[in-house]
Each structure stands twice: as structure tokens, then as C-alpha cells.
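So this one's input_27.cif, mmCIF, C-alpha atoms:
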```cif
data_target
#
loop_
_atom_site.label_atom_id
_atom_site.label_comp_id
_atom_site.auth_asym_id
_atom_site.auth_seq_id
_atom_site.Cartn_x
_atom_site.Cartn_y
_atom_site.Cartn_z
CA MET T 1 310.51 -159.51 142.32
CA GLN T 2 311.99 -156.04 142.88
CA LYS T 3 308.68 -154.44 141.87
CA ALA T 4 306.79 -156.55 144.42
CA SER T 5 309.33 -155.70 147.15
CA PHE T 6 309.02 -151.99 146.36
CA TYR T 7 305.22 -152.23 146.52
CA ASN T 8 305.37 -154.02 149.88
CA ALA T 9 307.82 -151.43 151.23
CA SER T 10 305.52 -148.63 150.07
CA LEU T 11 302.51 -150.18 151.78
CA TYR T 12 304.52 -150.73 154.95
CA SER T 13 305.93 -147.18 155.00
CA LEU T 14 302.48 -145.67 154.44
CA THR T 15 301.03 -147.69 157.31
CA VAL T 16 303.82 -146.82 159.73
CA LEU T 17 303.93 -143.11 158.92
CA ILE T 18 300.17 -142.60 159.15
CA TRP T 19 299.54 -144.74 162.22
CA GLY T 20 302.56 -143.17 163.90
CA SER T 21 300.86 -139.77 163.55
CA THR T 22 297.37 -140.81 164.67
CA TRP T 23 298.30 -140.85 168.39
CA ILE T 24 298.37 -137.05 168.45
CA ALA T 25 295.14 -136.81 166.45
CA ILE T 26 293.37 -139.10 168.94
CA GLU T 27 294.21 -136.69 171.76
CA TYR T 28 291.94 -134.09 170.13
CA GLN T 29 289.07 -136.60 170.14
CA ILE T 30 288.97 -136.84 173.93
CA GLY T 31 286.65 -134.43 175.72
CA VAL T 32 283.12 -133.47 174.70
CA VAL T 33 282.22 -136.62 172.73
CA SER T 34 282.34 -140.06 174.37
CA PRO T 35 285.13 -142.36 173.08
CA GLU T 36 282.75 -144.95 171.65
CA LEU T 37 280.78 -142.29 169.80
CA SER T 38 283.98 -140.76 168.39
CA VAL T 39 285.02 -144.20 167.10
CA ALA T 40 281.54 -144.65 165.61
CA TYR T 41 281.79 -141.29 163.81
CA ARG T 42 285.27 -142.16 162.54
CA PHE T 43 284.35 -145.49 161.00
CA ALA T 44 280.94 -144.41 159.73
CA LEU T 45 282.68 -141.70 157.69
CA ALA T 46 285.49 -144.06 156.66
CA SER T 47 283.00 -146.74 155.64
CA ALA T 48 281.05 -144.32 153.42
CA LEU T 49 284.28 -143.26 151.71
CA VAL T 50 285.47 -146.85 151.17
CA PHE T 51 282.06 -147.96 149.86
CA ALA T 52 282.17 -145.10 147.33
CA TRP T 53 285.78 -145.97 146.38
CA ALA T 54 285.01 -149.68 145.95
CA TRP T 55 281.87 -148.95 143.88
CA ALA T 56 283.72 -146.49 141.63
CA ALA T 57 286.57 -148.97 141.15
CA GLY T 58 284.17 -151.75 140.19
CA TYR T 59 284.76 -154.06 143.17
CA ARG T 60 281.93 -156.37 144.12
CA LEU T 61 280.12 -155.34 147.27
CA ARG T 62 277.50 -158.09 147.54
CA PHE T 63 278.52 -161.25 149.39
CA PRO T 64 276.66 -164.33 150.65
CA TRP T 65 275.33 -163.98 154.18
CA ARG T 66 277.79 -166.57 155.51
CA ARG T 67 280.65 -164.29 154.43
CA HIS T 68 279.15 -161.45 156.44
CA GLY T 69 279.90 -163.38 159.61
CA LEU T 70 283.60 -163.03 158.81
CA LEU T 71 283.14 -159.35 157.94
CA LEU T 72 281.33 -158.83 161.24
CA VAL T 73 284.32 -160.34 163.07
CA MET T 74 286.57 -157.88 161.22
CA GLY T 75 284.30 -155.01 162.24
CA ALA T 76 284.18 -156.10 165.86
CA CYS T 77 287.91 -156.77 166.21
CA LEU T 78 289.61 -154.26 163.89
CA PHE T 79 287.23 -151.32 163.66
CA SER T 80 285.52 -151.02 167.03
CA THR T 81 286.19 -153.13 170.12
CA ASN T 82 289.99 -152.79 170.04
CA PHE T 83 289.72 -148.98 169.95
CA PHE T 84 287.06 -149.00 172.67
CA LEU T 85 289.31 -151.04 174.96
CA PHE T 86 292.38 -148.86 174.35
CA TYR T 87 290.44 -145.64 174.92
CA HIS T 88 289.41 -146.95 178.35
CA ALA T 89 292.90 -148.33 179.07
CA ALA T 90 294.22 -144.78 178.57
CA ALA T 91 292.54 -143.81 181.84
CA HIS T 92 294.86 -146.20 183.69
CA LEU T 93 298.09 -146.40 181.64
CA THR T 94 300.42 -143.98 179.89
CA SER T 95 300.54 -143.94 176.10
CA GLY T 96 304.06 -145.41 176.29
CA LEU T 97 302.90 -148.46 178.21
CA MET T 98 300.01 -148.94 175.80
CA ALA T 99 302.50 -148.83 172.90
CA VAL T 100 304.55 -151.55 174.62
CA VAL T 101 301.48 -153.74 175.04
CA PHE T 102 300.28 -153.09 171.48
CA SER T 103 303.66 -154.16 170.10
CA MET T 104 302.75 -157.63 171.39
CA ALA T 105 300.45 -157.88 168.36
CA VAL T 106 303.49 -159.31 166.56
CA ALA T 107 303.68 -162.27 168.93
CA MET T 108 299.89 -162.69 169.00
CA ASN T 109 299.72 -162.76 165.20
CA ILE T 110 302.42 -165.43 165.10
CA ILE T 111 300.53 -167.58 167.63
CA ASN T 112 297.05 -166.98 166.17
CA GLY T 113 298.32 -167.48 162.63
CA ARG T 114 299.69 -170.86 163.67
CA LEU T 115 296.58 -171.92 165.62
CA LEU T 116 293.86 -170.54 163.34
CA LEU T 117 295.47 -170.56 159.89
CA GLY T 118 298.09 -173.29 160.30
CA ARG T 119 300.90 -170.97 159.17
CA ARG T 120 304.43 -171.37 160.49
CA SER T 121 306.65 -168.32 160.88
CA GLU T 122 310.25 -168.19 159.68
CA ARG T 123 312.96 -168.25 162.34
CA ARG T 124 314.21 -164.81 161.36
CA THR T 125 310.66 -163.42 161.75
CA LEU T 126 310.55 -164.77 165.31
CA ILE T 127 313.97 -163.28 166.12
CA GLY T 128 313.05 -159.96 164.51
CA ALA T 129 309.79 -159.80 166.44
CA ALA T 130 311.65 -160.47 169.72
CA LEU T 131 314.16 -157.71 168.94
CA GLY T 132 311.35 -155.31 168.08
CA VAL T 133 309.40 -155.91 171.27
CA ALA T 134 312.61 -155.60 173.31
CA GLY T 135 313.33 -152.31 171.55
CA ILE T 136 309.85 -150.95 172.34
CA VAL T 137 310.32 -151.90 176.01
CA ALA T 138 313.65 -150.02 176.00
CA LEU T 139 312.08 -146.97 174.31
CA PHE T 140 309.42 -146.73 177.01
CA TRP T 141 311.56 -148.06 179.86
CA PRO T 142 310.72 -145.24 182.31
CA GLU T 143 307.02 -146.08 182.01
CA VAL T 144 307.71 -149.82 182.22
CA ARG T 145 309.91 -149.39 185.29
CA SER T 146 307.40 -147.20 187.10
CA ILE T 147 304.27 -149.22 186.32
CA ASP T 148 301.93 -149.35 189.27
CA LEU T 149 300.47 -152.82 189.61
CA SER T 150 297.65 -151.55 191.79
CA ASP T 151 294.08 -152.34 190.86
CA SER T 152 294.06 -149.46 188.34
CA GLY T 153 297.30 -150.55 186.69
CA VAL T 154 296.16 -154.14 186.34
CA VAL T 155 292.85 -153.00 184.84
CA GLY T 156 294.67 -150.86 182.28
CA LEU T 157 297.06 -153.69 181.43
CA LEU T 158 294.23 -156.19 180.96
CA LEU T 159 292.26 -153.74 178.79
CA SER T 160 295.32 -153.11 176.61
CA LEU T 161 296.02 -156.82 176.25
CA ALA T 162 292.39 -157.46 175.33
CA GLY T 163 292.49 -154.65 172.77
CA THR T 164 295.68 -156.04 171.23
CA PHE T 165 294.21 -159.54 171.11
CA CYS T 166 291.12 -158.17 169.32
CA PHE T 167 293.37 -156.44 166.80
CA SER T 168 295.22 -159.72 166.20
CA LEU T 169 291.97 -161.66 165.68
CA GLY T 170 290.90 -159.01 163.18
CA ASN T 171 294.19 -159.55 161.33
CA ILE T 172 293.48 -163.27 161.11
CA ALA T 173 289.91 -162.62 159.92
CA SER T 174 291.23 -160.33 157.16
CA ALA T 175 293.84 -162.92 156.14
CA ARG T 176 291.12 -165.57 155.90
CA ALA T 177 288.88 -163.26 153.86
CA GLN T 178 291.71 -162.58 151.42
CA ALA T 179 292.39 -166.31 151.16
CA MET T 180 288.77 -166.60 150.00
CA ASP T 181 289.52 -164.01 147.28
CA LEU T 182 287.33 -161.35 148.90
CA PRO T 183 288.56 -157.86 147.86
CA VAL T 184 290.33 -155.95 150.64
CA LEU T 185 288.53 -152.71 149.80
CA SER T 186 285.07 -154.29 149.90
CA CYS T 187 285.87 -156.14 153.15
CA ASN T 188 287.06 -152.92 154.75
CA ALA T 189 283.90 -151.09 153.67
CA TRP T 190 281.63 -153.68 155.30
CA GLY T 191 283.92 -154.18 158.31
CA MET T 192 284.04 -150.45 159.05
CA ALA T 193 280.25 -150.21 158.70
CA TYR T 194 279.80 -153.05 161.18
CA GLY T 195 282.36 -151.45 163.50
CA ALA T 196 280.53 -148.11 163.44
CA LEU T 197 277.20 -149.85 164.22
CA ILE T 198 278.77 -151.77 167.12
CA MET T 199 280.19 -148.58 168.62
CA MET T 200 276.92 -146.70 168.19
CA ALA T 201 275.08 -149.56 169.91
CA LEU T 202 277.59 -149.45 172.80
CA ALA T 203 277.15 -145.69 173.11
CA LEU T 204 273.37 -146.02 173.27
CA ALA T 205 273.50 -149.00 175.66
CA GLY T 206 275.89 -147.14 177.95
CA GLY T 207 273.72 -144.02 178.02
CA ALA T 208 276.35 -141.83 176.35
CA PRO T 209 274.83 -138.53 175.14
CA ILE T 210 274.61 -138.29 171.34
CA THR T 211 276.70 -135.18 170.85
CA PHE T 212 279.14 -133.73 168.35
CA ASP T 213 281.96 -131.24 168.84
CA PRO T 214 281.87 -128.72 165.96
CA ARG T 215 285.15 -127.05 166.95
CA LEU T 216 288.01 -127.19 164.44
CA PRO T 217 290.43 -129.40 166.45
CA TYR T 218 287.82 -132.16 166.84
CA VAL T 219 286.52 -131.99 163.28
CA ALA T 220 290.01 -131.80 161.72
CA SER T 221 291.32 -134.73 163.82
CA LEU T 222 288.18 -136.75 163.02
CA LEU T 223 288.68 -136.20 159.28
CA TYR T 224 292.36 -137.12 159.56
CA LEU T 225 291.61 -140.30 161.50
CA ALA T 226 288.82 -141.32 159.09
CA VAL T 227 290.54 -140.54 155.78
CA PHE T 228 294.20 -141.20 156.55
CA GLY T 229 294.17 -143.34 159.70
CA SER T 230 291.32 -145.58 158.50
CA VAL T 231 290.74 -145.50 154.74
CA LEU T 232 294.39 -145.27 153.63
CA ALA T 233 296.34 -146.85 156.50
CA PHE T 234 294.02 -149.81 157.09
CA GLY T 235 293.78 -150.36 153.34
CA ALA T 236 297.57 -150.39 153.04
CA TYR T 237 298.10 -152.54 156.14
CA LEU T 238 295.53 -155.21 155.31
CA THR T 239 296.72 -155.39 151.69
CA LEU T 240 300.26 -155.87 153.00
CA LEU T 241 298.99 -158.52 155.41
CA GLY T 242 297.57 -160.50 152.51
CA ARG T 243 300.86 -160.22 150.60
CA ILE T 244 303.48 -161.01 153.28
CA GLY T 245 301.48 -162.63 156.10
CA ALA T 246 300.02 -161.46 159.39
CA ASP T 247 303.20 -162.13 161.39
CA ARG T 248 305.45 -159.89 159.26
CA ALA T 249 302.86 -157.19 158.57
CA ALA T 250 302.19 -156.80 162.29
CA TYR T 251 305.75 -155.51 162.74
CA ALA T 252 304.23 -152.13 161.78
CA THR T 253 302.83 -152.06 165.33
CA VAL T 254 306.42 -152.10 166.59
CA LEU T 255 307.73 -149.37 164.30
CA PHE T 256 304.97 -146.78 164.39
CA PRO T 257 305.47 -145.93 168.11
CA LEU T 258 308.96 -144.82 167.02
CA VAL T 259 307.37 -142.44 164.51
CA ALA T 260 305.07 -141.18 167.26
CA LEU T 261 308.12 -140.43 169.44
CA LEU T 262 309.85 -138.57 166.59
CA ILE T 263 306.76 -136.39 166.23
CA SER T 264 306.64 -135.95 170.00
CA THR T 265 310.27 -134.76 169.91
CA VAL T 266 309.25 -131.85 167.69
CA VAL T 267 305.80 -131.12 169.10
CA GLU T 268 306.14 -131.98 172.79
CA GLY T 269 309.90 -131.78 173.43
CA TYR T 270 310.52 -135.49 174.06
CA VAL T 271 314.08 -135.99 175.39
CA TRP T 272 316.05 -138.98 174.08
CA THR T 273 318.09 -141.11 176.48
CA PRO T 274 320.84 -143.69 175.77
CA VAL T 275 318.39 -146.49 176.63
CA ALA T 276 315.82 -145.07 174.19
CA LEU T 277 318.45 -144.86 171.44
CA ALA T 278 319.42 -148.48 172.12
CA GLY T 279 315.72 -149.32 171.77
CA VAL T 280 315.65 -147.62 168.36
CA ALA T 281 318.62 -149.73 167.25
CA LEU T 282 316.87 -152.94 168.35
CA VAL T 283 313.64 -151.95 166.56
CA LEU T 284 315.48 -151.16 163.33
CA CYS T 285 317.49 -154.39 163.45
CA GLY T 286 314.33 -156.37 164.00
CA ASN T 287 312.70 -154.46 161.16
CA LEU T 288 315.48 -155.49 158.78
CA LEU T 289 315.18 -159.15 159.80
CA VAL T 290 311.41 -159.23 159.37
CA LEU T 291 310.97 -157.26 156.15
CA LEU T 292 314.03 -157.64 153.96
CA PRO T 293 313.59 -160.44 151.41
CA ALA T 294 315.55 -163.59 152.05
CA ARG T 295 318.72 -164.02 150.01
CA ALA T 296 317.92 -165.91 146.85
CA ARG T 297 319.12 -169.45 147.02
CA LEU T 298 320.88 -171.12 144.10
CA SER T 299 318.76 -173.70 142.40
CA LYS T 300 320.16 -177.17 142.03
CA PRO T 301 320.72 -176.84 138.26
CA ALA T 302 322.57 -173.57 138.74
CA ALA T 303 324.66 -175.06 141.51
CA SER T 304 325.57 -178.09 139.41
CA GLN T 305 326.54 -175.91 136.44
CA SER T 306 328.79 -173.78 138.61
CA SER T 307 330.56 -176.87 139.87
CA GLN T 308 331.38 -178.14 136.40
#
```

Starting from the file, give its structure as C-alpha cells.
Amino acid sequence: MQKASFYNASLYSLTVLIWGSTWIAIEYQIGVVSPELSVAYRFALASALVFAWAWAAGYRLRFPWRRHGLLLVMGACLFSTNFFLFYHAAAHLTSGLMAVVFSMAVAMNIINGRLLLGRRSERRTLIGAALGVAGIVALFWPEVRSIDLSDSGVVGLLLSLAGTFCFSLGNIASARAQAMDLPVLSCNAWGMAYGALIMMALALAGGAPITFDPRLPYVASLLYLAVFGSVLAFGAYLTLLGRIGADRAAYATVLFPLVALLISTVVEGYVWTPVALAGVALVLCGNLLVLLPARARLSKPAASQSSQ
């Protein structure tokens, strides 16, 4: 039991730390190359690496065609469309507001898990999720308070919500694939390949020039996002999702904006306020509720022996 808890904590920590650092890396992707083409490059490279990893590790890579429909949903929701929507939302919203919206993945996973998988969430998971979302709102309160609900603001909000909903549907697709005993690594390889193809098709359909930025900042950030942000972090997150459920695993989307702010404190001089610190406390309390194992209950035989 302790070994399993340690493994889950390791997967969770890896996901949070890597995804918390990808926000800065994404900034170096904006510029010469169109967003959809950058996402295509990222997941094409990640897919090649995961295919090689899965083949070397002996995982099966051939599936019936009906299973590829599920893998295509993963590719569309987890490895392409959600990124495409958030890249375009960034033109209308601050990164803080997008982090607030993305933290709603916890609530969406709870709802979608119930509707699509028939899974009920524990009460403490619901309370922890509410605390986490409240904490994220407090962390980014200046952006929340100053949101401009003009046409541009509404567009950005709707794009962010759509991107978060896509991410949640991808979570449910991965959970269903794992319930069918499909290997996470193999599913990720195919899903990333489909995601890269979808983004390339969007780039071509939208008339985006097929370009590449050979400068070090772009190449280095692309490699980081492909290897760490995609191969390792998505592998860890989706494995965790299969072990503890989509509702609890999604709490990573609440905690990694906190990591991003800690990095911003060092790199960009982010200034902490009392409200932001209160937000951190709420996030951490919610984290404890969601992830710590429930206290072991005494079995009936043990209880009857203790009473004798």
C-alpha cells in the first residue's frame, strides 16, 4: 500500500513540476512559426520518441481499427485541439485567467466521469476540488477582478473553456482505453501521432506558411516541450489517471499554476500578495484532501476482537 502511494505521489509530482515549467517554454514558441504548426512539430517529435520507447519495451502497437477511433479522440482532445484553442485564447486573456479556467478541468472531469464512465467521486474529492479552484481564483485575483467582458474577453473565455473541455474529454478517453487494458505508452504514441496530423491539417487548411525557426530559443523550448512536457509528463499524468481516477488526477491542473508562479517569482519578479498567499493555502489544503489516502477503516473482525 505504501509502495503504491509513493508511486502515485512520484507520478503526480513529476506531472506538476514539468507542466508547471512548460508555460515559460511555450512563450519561446510564439513568433515565427504558427501556433498550430508548433504544436504539430511538438507532438510529431514526441510521438516518434514514444513509439520507439514502446517498441523497445515490448509493448504492443497494433490495435483493431475500432480501437483507433478512441485513440483518435485522445489525439484530437489531448494532443492537438486543446492546445490550439488555448494558443488562440492567449490573444484575448492573460495567462493567469487561462490558468483559472484550466483549473476547471477538475470539475469537468468529475462531471464527465460521472456521465460517461458512471464513476462517482468521493465527498472529500469534491471539497478538495472546490478549495483548489477557489485557491487558483485567489492566486490570480487581480486578473479575475479586471477581466474585460467585451467581445474580445468573451471570445477568450469561451476558447479557454472549450480547450479545457477538450482536455477533460481526452482524460475520459484515456481512462476508457486503460479500462480496456490498452497500454498507456502505446495509446500515447498513437494519440500524439493523430494529434500532430490534426494540427498539420489545420495549418495547411488555414494557409499557415510551413516554416521552422532554427534559433536556439525555439529549438530548445520545442525539445523541452516534446521530451519533458509531452513524453514524460503526459505519460506520468495518464498513468496516474488510470491508477487513481480522472477526478483526482486532474487536481494537477490546479497545482501546476502554483509552480509556474514560483518560477515567475525568480525569473520575472512576481510579487506575492496576502490574497495570493491565501490562495496557496487553499490549493495546498485541497491537494491534501484529494491525494492523501483515506484513513484505513477497521474491519468488522478486528473491531469485534478489540471489543472483547

* Asked: Can you tell me, as a PyMOL selection string, which residues sit within 9 Å of (281.7, -142.8, 171.4) in the file's frame, using all atoms listed in the file?
  -> chain T and resi 33-41+84+199-200+202-203+208-210

Hey, can you spit out that residue selection with C-alpha atoms as a CSV table (one decimal), in the coordinates of the input?
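As written to disk, result21.csv reads:
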```
chain,number,residue,atom,x,y,z
T,33,VAL,CA,282.2,-136.6,172.7
T,34,SER,CA,282.3,-140.1,174.4
T,35,PRO,CA,285.1,-142.4,173.1
T,36,GLU,CA,282.8,-145.0,171.6
T,37,LEU,CA,280.8,-142.3,169.8
T,38,SER,CA,284.0,-140.8,168.4
T,39,VAL,CA,285.0,-144.2,167.1
T,40,ALA,CA,281.5,-144.6,165.6
T,41,TYR,CA,281.8,-141.3,163.8
T,84,PHE,CA,287.1,-149.0,172.7
T,199,MET,CA,280.2,-148.6,168.6
T,200,MET,CA,276.9,-146.7,168.2
T,202,LEU,CA,277.6,-149.4,172.8
T,203,ALA,CA,277.2,-145.7,173.1
T,208,ALA,CA,276.4,-141.8,176.4
T,209,PRO,CA,274.8,-138.5,175.1
T,210,ILE,CA,274.6,-138.3,171.3
```

* Test item: residues at most 7 Å from Leu71 of chain T, only C-alpha atoms, excluding those fewer than 6 positions along its chain, as a VMD selection string -> chain T and resid 187 190 to 191

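In this comparison, which uses only C-alpha atoms, the residue of T:Leu185, T:Ala177, T:Leu85, T:Val254 approaching Val50 of chain T most closely is T:Leu185.
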
* atom CA of Leu93 of chain T and atom CA of Leu169 of chain T, how far apart in Å? ->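 If I compute the distance from atom CA of Leu169 of chain T to atom CA of Leu93 of chain T, I get 22.9 Å.
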
* Asked: Using all atoms listed in the file, which of the listed residues (T:Phe228, T:Phe79, T:Tyr218, T:Tyr87) sits closest to Asn171 of chain T?
  ->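 So, comparing all the options, the nearest one is T:Phe79.
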
* To do: Quick one: everything within 10 Å of Leu72 of chain T, counting all atoms listed in the file, minus sequence neighbours fewer than 5 positions away in the same chain. Send it as a list of chain:residue names.
  => T:Arg67, T:Cys77, T:Leu78, T:Phe79, T:Gly170, T:Ala173, T:Cys187, T:Trp190, T:Gly191, T:Met192, T:Ala193, T:Tyr194, T:Gly195, T:Ile198

* Extract, using all atoms listed in the file, all DNA, RNA and protein residues at most 8 Å from Ala48 of chain T, discarding same-chain residues fewer than 4 positions from it, and format them as a list of chain:residue names. =>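 Non-adjacent residues within range: T:Ala44, T:Ala52, T:Ala189, T:Ala193.
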
Mind listing as a PDB file with C-alpha atoms, in the frame of the given file all residues within 12 Å of (312.9, -157.9, 169.9), counting all atoms listed in the file?
```
ATOM      1  CA  VAL T 100     304.550-151.550 174.620  1.00  0.00           C
ATOM      2  CA  SER T 103     303.660-154.160 170.100  1.00  0.00           C
ATOM      3  CA  MET T 104     302.750-157.630 171.390  1.00  0.00           C
ATOM      4  CA  VAL T 106     303.490-159.310 166.560  1.00  0.00           C
ATOM      5  CA  ALA T 107     303.680-162.270 168.930  1.00  0.00           C
ATOM      6  CA  ARG T 124     314.210-164.810 161.360  1.00  0.00           C
ATOM      7  CA  THR T 125     310.660-163.420 161.750  1.00  0.00           C
ATOM      8  CA  LEU T 126     310.550-164.770 165.310  1.00  0.00           C
ATOM      9  CA  ILE T 127     313.970-163.280 166.120  1.00  0.00           C
ATOM     10  CA  GLY T 128     313.050-159.960 164.510  1.00  0.00           C
ATOM     11  CA  ALA T 129     309.790-159.800 166.440  1.00  0.00           C
ATOM     12  CA  ALA T 130     311.650-160.470 169.720  1.00  0.00           C
ATOM     13  CA  LEU T 131     314.160-157.710 168.940  1.00  0.00           C
ATOM     14  CA  GLY T 132     311.350-155.310 168.080  1.00  0.00           C
ATOM     15  CA  VAL T 133     309.400-155.910 171.270  1.00  0.00           C
ATOM     16  CA  ALA T 134     312.610-155.600 173.310  1.00  0.00           C
ATOM     17  CA  GLY T 135     313.330-152.310 171.550  1.00  0.00           C
ATOM     18  CA  ILE T 136     309.850-150.950 172.340  1.00  0.00           C
ATOM     19  CA  VAL T 137     310.320-151.900 176.010  1.00  0.00           C
ATOM     20  CA  ALA T 138     313.650-150.020 176.000  1.00  0.00           C
ATOM     21  CA  LEU T 139     312.080-146.970 174.310  1.00  0.00           C
ATOM     22  CA  TYR T 251     305.750-155.510 162.740  1.00  0.00           C
ATOM     23  CA  VAL T 254     306.420-152.100 166.590  1.00  0.00           C
ATOM     24  CA  LEU T 255     307.730-149.370 164.300  1.00  0.00           C
ATOM     25  CA  ALA T 278     319.420-148.480 172.120  1.00  0.00           C
ATOM     26  CA  GLY T 279     315.720-149.320 171.770  1.00  0.00           C
ATOM     27  CA  VAL T 280     315.650-147.620 168.360  1.00  0.00           C
ATOM     28  CA  ALA T 281     318.620-149.730 167.250  1.00  0.00           C
ATOM     29  CA  LEU T 282     316.870-152.940 168.350  1.00  0.00           C
ATOM     30  CA  VAL T 283     313.640-151.950 166.560  1.00  0.00           C
ATOM     31  CA  LEU T 284     315.480-151.160 163.330  1.00  0.00           C
ATOM     32  CA  CYS T 285     317.490-154.390 163.450  1.00  0.00           C
ATOM     33  CA  GLY T 286     314.330-156.370 164.000  1.00  0.00           C
ATOM     34  CA  ASN T 287     312.700-154.460 161.160  1.00  0.00           C
ATOM     35  CA  LEU T 288     315.480-155.490 158.780  1.00  0.00           C
ATOM     36  CA  LEU T 289     315.180-159.150 159.800  1.00  0.00           C
ATOM     37  CA  VAL T 290     311.410-159.230 159.370  1.00  0.00           C
TER      38      VAL T 290
END
```

* Pairwise distance for atom CA of Cys166 of chain T and atom CA of Glu27 of chain T, rounded to one decimal in Å ->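 Distance reported for this atom pair: 21.8 Å.
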
* Point out the residue among T:Thr94, T:Asn82, T:Ser47, T:Ser21 with the least atom-to-atom distance to Val144 of chain T, counting all atoms listed in the file. => T:Thr94

Requested file, segment 46-57 of chain T restricted to N, CA, C and O atoms, as a PDB file, in the first residue's frame:
```pdb
ATOM      1  N   ALA T  46       7.378  14.045 -30.250  1.00  0.00           N
ATOM      2  CA  ALA T  46       7.031  13.251 -29.066  1.00  0.00           C
ATOM      3  C   ALA T  46       6.517  11.874 -29.471  1.00  0.00           C
ATOM      4  O   ALA T  46       6.868  10.857 -28.859  1.00  0.00           O
ATOM      5  N   SER T  47       5.688  11.831 -30.518  1.00  0.00           N
ATOM      6  CA  SER T  47       5.147  10.552 -30.972  1.00  0.00           C
ATOM      7  C   SER T  47       6.253   9.609 -31.426  1.00  0.00           C
ATOM      8  O   SER T  47       6.245   8.416 -31.088  1.00  0.00           O
ATOM      9  N   ALA T  48       7.219  10.119 -32.189  1.00  0.00           N
ATOM     10  CA  ALA T  48       8.329   9.281 -32.646  1.00  0.00           C
ATOM     11  C   ALA T  48       9.101   8.704 -31.463  1.00  0.00           C
ATOM     12  O   ALA T  48       9.474   7.519 -31.461  1.00  0.00           O
ATOM     13  N   LEU T  49       9.321   9.536 -30.449  1.00  0.00           N
ATOM     14  CA  LEU T  49      10.055   9.080 -29.265  1.00  0.00           C
ATOM     15  C   LEU T  49       9.264   8.020 -28.495  1.00  0.00           C
ATOM     16  O   LEU T  49       9.824   7.011 -28.037  1.00  0.00           O
ATOM     17  N   VAL T  50       7.954   8.219 -28.357  1.00  0.00           N
ATOM     18  CA  VAL T  50       7.131   7.268 -27.597  1.00  0.00           C
ATOM     19  C   VAL T  50       6.974   5.964 -28.370  1.00  0.00           C
ATOM     20  O   VAL T  50       6.977   4.876 -27.775  1.00  0.00           O
ATOM     21  N   PHE T  51       6.831   6.045 -29.699  1.00  0.00           N
ATOM     22  CA  PHE T  51       6.779   4.823 -30.497  1.00  0.00           C
ATOM     23  C   PHE T  51       8.058   4.002 -30.301  1.00  0.00           C
ATOM     24  O   PHE T  51       8.013   2.778 -30.122  1.00  0.00           O
ATOM     25  N   ALA T  52       9.217   4.678 -30.341  1.00  0.00           N
ATOM     26  CA  ALA T  52      10.495   3.982 -30.161  1.00  0.00           C
ATOM     27  C   ALA T  52      10.587   3.375 -28.756  1.00  0.00           C
ATOM     28  O   ALA T  52      11.055   2.235 -28.590  1.00  0.00           O
ATOM     29  N   TRP T  53      10.137   4.119 -27.757  1.00  0.00           N
ATOM     30  CA  TRP T  53      10.155   3.647 -26.361  1.00  0.00           C
ATOM     31  C   TRP T  53       9.256   2.416 -26.206  1.00  0.00           C
ATOM     32  O   TRP T  53       9.650   1.408 -25.610  1.00  0.00           O
ATOM     33  N   ALA T  54       8.029   2.512 -26.734  1.00  0.00           N
ATOM     34  CA  ALA T  54       7.076   1.402 -26.609  1.00  0.00           C
ATOM     35  C   ALA T  54       7.588   0.156 -27.337  1.00  0.00           C
ATOM     36  O   ALA T  54       7.462  -0.972 -26.841  1.00  0.00           O
ATOM     37  N   TRP T  55       8.176   0.345 -28.524  1.00  0.00           N
ATOM     38  CA  TRP T  55       8.706  -0.796 -29.289  1.00  0.00           C
ATOM     39  C   TRP T  55       9.862  -1.452 -28.538  1.00  0.00           C
ATOM     40  O   TRP T  55       9.923  -2.675 -28.430  1.00  0.00           O
ATOM     41  N   ALA T  56      10.776  -0.621 -28.003  1.00  0.00           N
ATOM     42  CA  ALA T  56      11.929  -1.163 -27.272  1.00  0.00           C
ATOM     43  C   ALA T  56      11.504  -1.880 -26.003  1.00  0.00           C
ATOM     44  O   ALA T  56      12.137  -2.866 -25.589  1.00  0.00           O
ATOM     45  N   ALA T  57      10.429  -1.407 -25.380  1.00  0.00           N
ATOM     46  CA  ALA T  57       9.954  -2.011 -24.133  1.00  0.00           C
ATOM     47  C   ALA T  57       9.050  -3.217 -24.373  1.00  0.00           C
ATOM     48  O   ALA T  57       8.633  -3.872 -23.420  1.00  0.00           O
TER      49      ALA T  57
END
```
